[in-house]
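See structure below.
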Amino acid sequence: MSVSAPERRPAVRSRDGRVRALVGTLDARLTAPGPGYRLREVHTLVALVIGLRLVARDWAAIAERPAALTDGLTLVSWLPAALPAWLPVTLAVLGTAGVALVLARRRAHAGFVLAWVCYAVLCASWGSSGKVLHNDVLTVWVAVPLLFARVPRRDQDDERAVVWGWPPRAALAVLALVYWLTGAQKLRHSGIGWALSDNMTWVLRQGTSPHAAGVAQWVADHAVLASGLATGALLLELTAPVWLLWRRTRALFALAVAVMHANIWLFLGIDYSAWVLTAVAVAVPMSLATGRRLEDVRPVRAAIGRS
């Protein structure tokens with residue numbers, strides 16, 4: 001006997017109600033009031049990561065890129081195909097000046113926007129397709145919510161308001177989403193075989209790391225270890241939202257991704273330091289209990305005292 005449409009409606013309404021309740025709960029958590037000092041901490045640390053990326057790379061090398069590789073540019077399609085060396089250098093200097101404004105807490109919002117725009121344009125110009133390369137994509141995206149944040153003045157650090165609460169939580173949500181997407185894309189394109197097959201074995205064999213080539217080959221020769229590395233990385237990425245949902249596990253997540261990316265650097269020579277620094281910049285301050293500032297943490301206080 002078939003079930004009529006009217007008999008299905010209560011179940012549909014109940015399911016819709018649960019979805020609305022879940023969305024409402026997430027919205028309430030995202031937009032809950034927060035202290036001004038927590039936004040200041042995340043805002044400043046992410047700006048520092050951008051600043052480090054701006055000063056650590058020879059951006060003038062963009063001018064050496066063949067013009068043929070600029071076809072299909074998107075984000076930076078308005079730039080000429082062949083850039084003069086002074087232009088990327090100027091953008092890097094301007095972006096660094098923006099970071100200095102954030103650190104000085106003078107026009108901090110304008111400084112952050114300036115730094116992000118320069119950084120995003122340079123990262124897009126560095127590649128050959130107009131997209132931000134994977135080494136910097138996490139930092140670029142995590143910083144986006146902070147572009148719309150109203151940075152507290154010095155006398156507002158202890159205030160609690162929605163305007164201070166949502167930006168660092170939004171940055172945390174973007175951090176979780178990007179890591180989850182990296183894992184989901186692995187499953188989408190390769191399935192569970194990405195972790196359980198000999199995929200990682202061949203990745204390690206074909207790697208060109210100058211740091212531990214012998215160790216990488218040794219791990220590749222032991223299929224269980226190679227598969228274990230791949231499985232651990234995939235599980236960490238897919239469970240990122242769970243790690244970052246709870247305050248007490250956020251710092252552990254930052255430590256876990258530091259270990260994962262350190263292994264990638266050691267075995268394959270790929271630099272994901274911007275990902276590690278961005279995860280630390282957001283997850284560590286957001287792991288602290290309300291009322292406890294980052295500068296109250298003993299190692300941070302000792303570092304401030306030395307500087």
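Residues are named by chain letter and number: chains run A, B, ... in the order of the structure tokens, numbers start at 1 in each chain, and ligands are numbered from 1 in the order shown.
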Long-range neighbours of stretch 267-283 of chain A as a ChimeraX atom specification, 8 Å cut-off, only C-alpha atoms, 5 positions minimum in chain
/A:42,45-46,49,53,135-136,138-139,142,168,171-172,175,204,207-213,215-216,244,250-251,253-254,257-258,261-262
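When the distance limit is 7 Å and only C-alpha atoms are what count, the residues near A:Pro241, minus those fewer than 4 positions from it on the same chain, are Ala176, Leu177 and Leu245 of chain A.
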Could those selected residues go to a file with all heavy atoms, as an mmCIF file, in the first residue's frame?
```
data_model
loop_
_atom_site.group_PDB
_atom_site.id
_atom_site.type_symbol
_atom_site.label_atom_id
_atom_site.label_comp_id
_atom_site.auth_asym_id
_atom_site.auth_seq_id
_atom_site.Cartn_x
_atom_site.Cartn_y
_atom_site.Cartn_z
ATOM 1 N N ALA A 176 38.730 25.421 8.541
ATOM 2 C CA ALA A 176 38.186 24.061 8.571
ATOM 3 C C ALA A 176 37.694 23.636 7.192
ATOM 4 O O ALA A 176 37.922 22.500 6.757
ATOM 5 C CB ALA A 176 37.048 23.983 9.585
ATOM 6 N N LEU A 177 37.033 24.538 6.481
ATOM 7 C CA LEU A 177 36.467 24.210 5.174
ATOM 8 C C LEU A 177 37.550 23.897 4.154
ATOM 9 O O LEU A 177 37.439 22.932 3.382
ATOM 10 C CB LEU A 177 35.593 25.359 4.681
ATOM 11 C CG LEU A 177 34.940 25.167 3.304
ATOM 12 C CD1 LEU A 177 34.011 23.968 3.313
ATOM 13 C CD2 LEU A 177 34.196 26.434 2.888
ATOM 14 N N LEU A 245 35.935 22.615 15.757
ATOM 15 C CA LEU A 245 34.663 22.965 16.381
ATOM 16 C C LEU A 245 34.817 23.141 17.886
ATOM 17 O O LEU A 245 34.191 24.015 18.491
ATOM 18 C CB LEU A 245 33.630 21.874 16.080
ATOM 19 C CG LEU A 245 32.233 22.066 16.691
ATOM 20 C CD1 LEU A 245 31.566 23.324 16.143
ATOM 21 C CD2 LEU A 245 31.369 20.834 16.432
#
```
Select from stretch 147-276 of chain A everything DSSP, run on the backbone, classes as helix (DSSP H, G or I), then give the selection as a VMD selection string.
chain A and resid 147 to 148 154 to 156 162 to 190 193 to 196 199 to 206 213 to 220 223 to 238 240 to 245 247 to 268 273 to 276
When DSSP is applied to the backbone of this structure, which of stretch 34-262 of chain A are assigned strand (DSSP E)? Write them out as JSON, numbers by chain.
{"A": [34, 35, 160, 161]}
Write a file of the just-selected residues containing C-alpha atoms, as a PDB file, in the first residue's frame.
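Result went into part15.pdb, see below:
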```pdb
ATOM      1  CA  GLY A  34      33.334  37.991  21.454  1.00  0.00           C
ATOM      2  CA  PRO A  35      36.091  40.025  23.097  1.00  0.00           C
ATOM      3  CA  ARG A 160      32.438  42.037  24.113  1.00  0.00           C
ATOM      4  CA  ALA A 161      30.310  42.484  21.003  1.00  0.00           C
TER       5      ALA A 161
END
```
Interatomic distance between atom CA of A:Arg18 and atom CA of A:Trp246?
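Between these atoms lies a distance of 21.6 Å.
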Atom CA of A:Ala120 to atom CA of A:Leu266, straight-line distance in Å
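Calculated distance between atom CA of A:Leu266 and atom CA of A:Ala120 is 27.2 Å.
From atom CA of A:Asp198 back to atom CA of A:His222, the distance works out to 10.3 Å.
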Go through A:Pro285, A:Gly24, A:Val174, A:Val93 one by one, measure the shortest atom-to-atom distance of each to A:Val297 using only C-alpha atoms, and give the residue with the smallest value.
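Among the listed residues, the smallest separation from A:Val297 belongs to A:Pro285.
For A:Arg107, the list of residues within 12 Å, based on only C-alpha atoms and with local chain neighbours fewer than 4 positions off taken out, reads Ala97, Gly98, Val99, Ala100, Leu101, Val102, Leu103, Gly111, Phe112, Val113, Leu114, Arg150, Val151, Pro152 and Arg153 of chain A.
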Surrounding residues of A:Tyr119 excluding itself and chain neighbours under 2 positions, 8 Å, only C-alpha atoms, as a PDB file with C-alpha atoms, in the first residue's frame:
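The resulting file, selection.pdb, is reproduced below:
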```pdb
ATOM      1  CA  ILE A  50      51.015  37.700   4.977  1.00  0.00           C
ATOM      2  CA  LEU A  54      55.682  39.127   1.165  1.00  0.00           C
ATOM      3  CA  LEU A  91      53.341  45.637  -4.578  1.00  0.00           C
ATOM      4  CA  ALA A  92      55.389  43.649  -2.056  1.00  0.00           C
ATOM      5  CA  GLY A  95      51.772  45.103   1.189  1.00  0.00           C
ATOM      6  CA  ALA A 115      48.358  43.877   2.465  1.00  0.00           C
ATOM      7  CA  TRP A 116      45.809  41.269   1.350  1.00  0.00           C
ATOM      8  CA  VAL A 117      45.196  42.858  -2.062  1.00  0.00           C
ATOM      9  CA  VAL A 121      47.657  39.839  -6.773  1.00  0.00           C
ATOM     10  CA  LEU A 122      51.271  38.726  -6.367  1.00  0.00           C
ATOM     11  CA  CYS A 123      50.289  35.127  -5.618  1.00  0.00           C
ATOM     12  CA  VAL A 140      44.505  34.107   1.093  1.00  0.00           C
TER      13      VAL A 140
END
```
For a quick check of understanding, using only C-alpha atoms, which of A:Gln156, A:Thr239, A:Ser197, A:Ser227 has the smallest distance to A:Leu181?
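When distances to A:Leu181 are compared using only C-alpha atoms, the smallest one comes from A:Thr239.
Proximity to A:Thr182 at 9 Å, evaluated using only C-alpha atoms and with sequence-adjacent residues fewer than 6 positions away removed, yields Leu234, Glu237 and Leu238 of chain A.
Distances to A:His134 were evaluated for A:Tyr179, A:Trp202, A:Tyr37, A:Trp78 using only C-alpha atoms, and the minimum falls at A:Tyr179.
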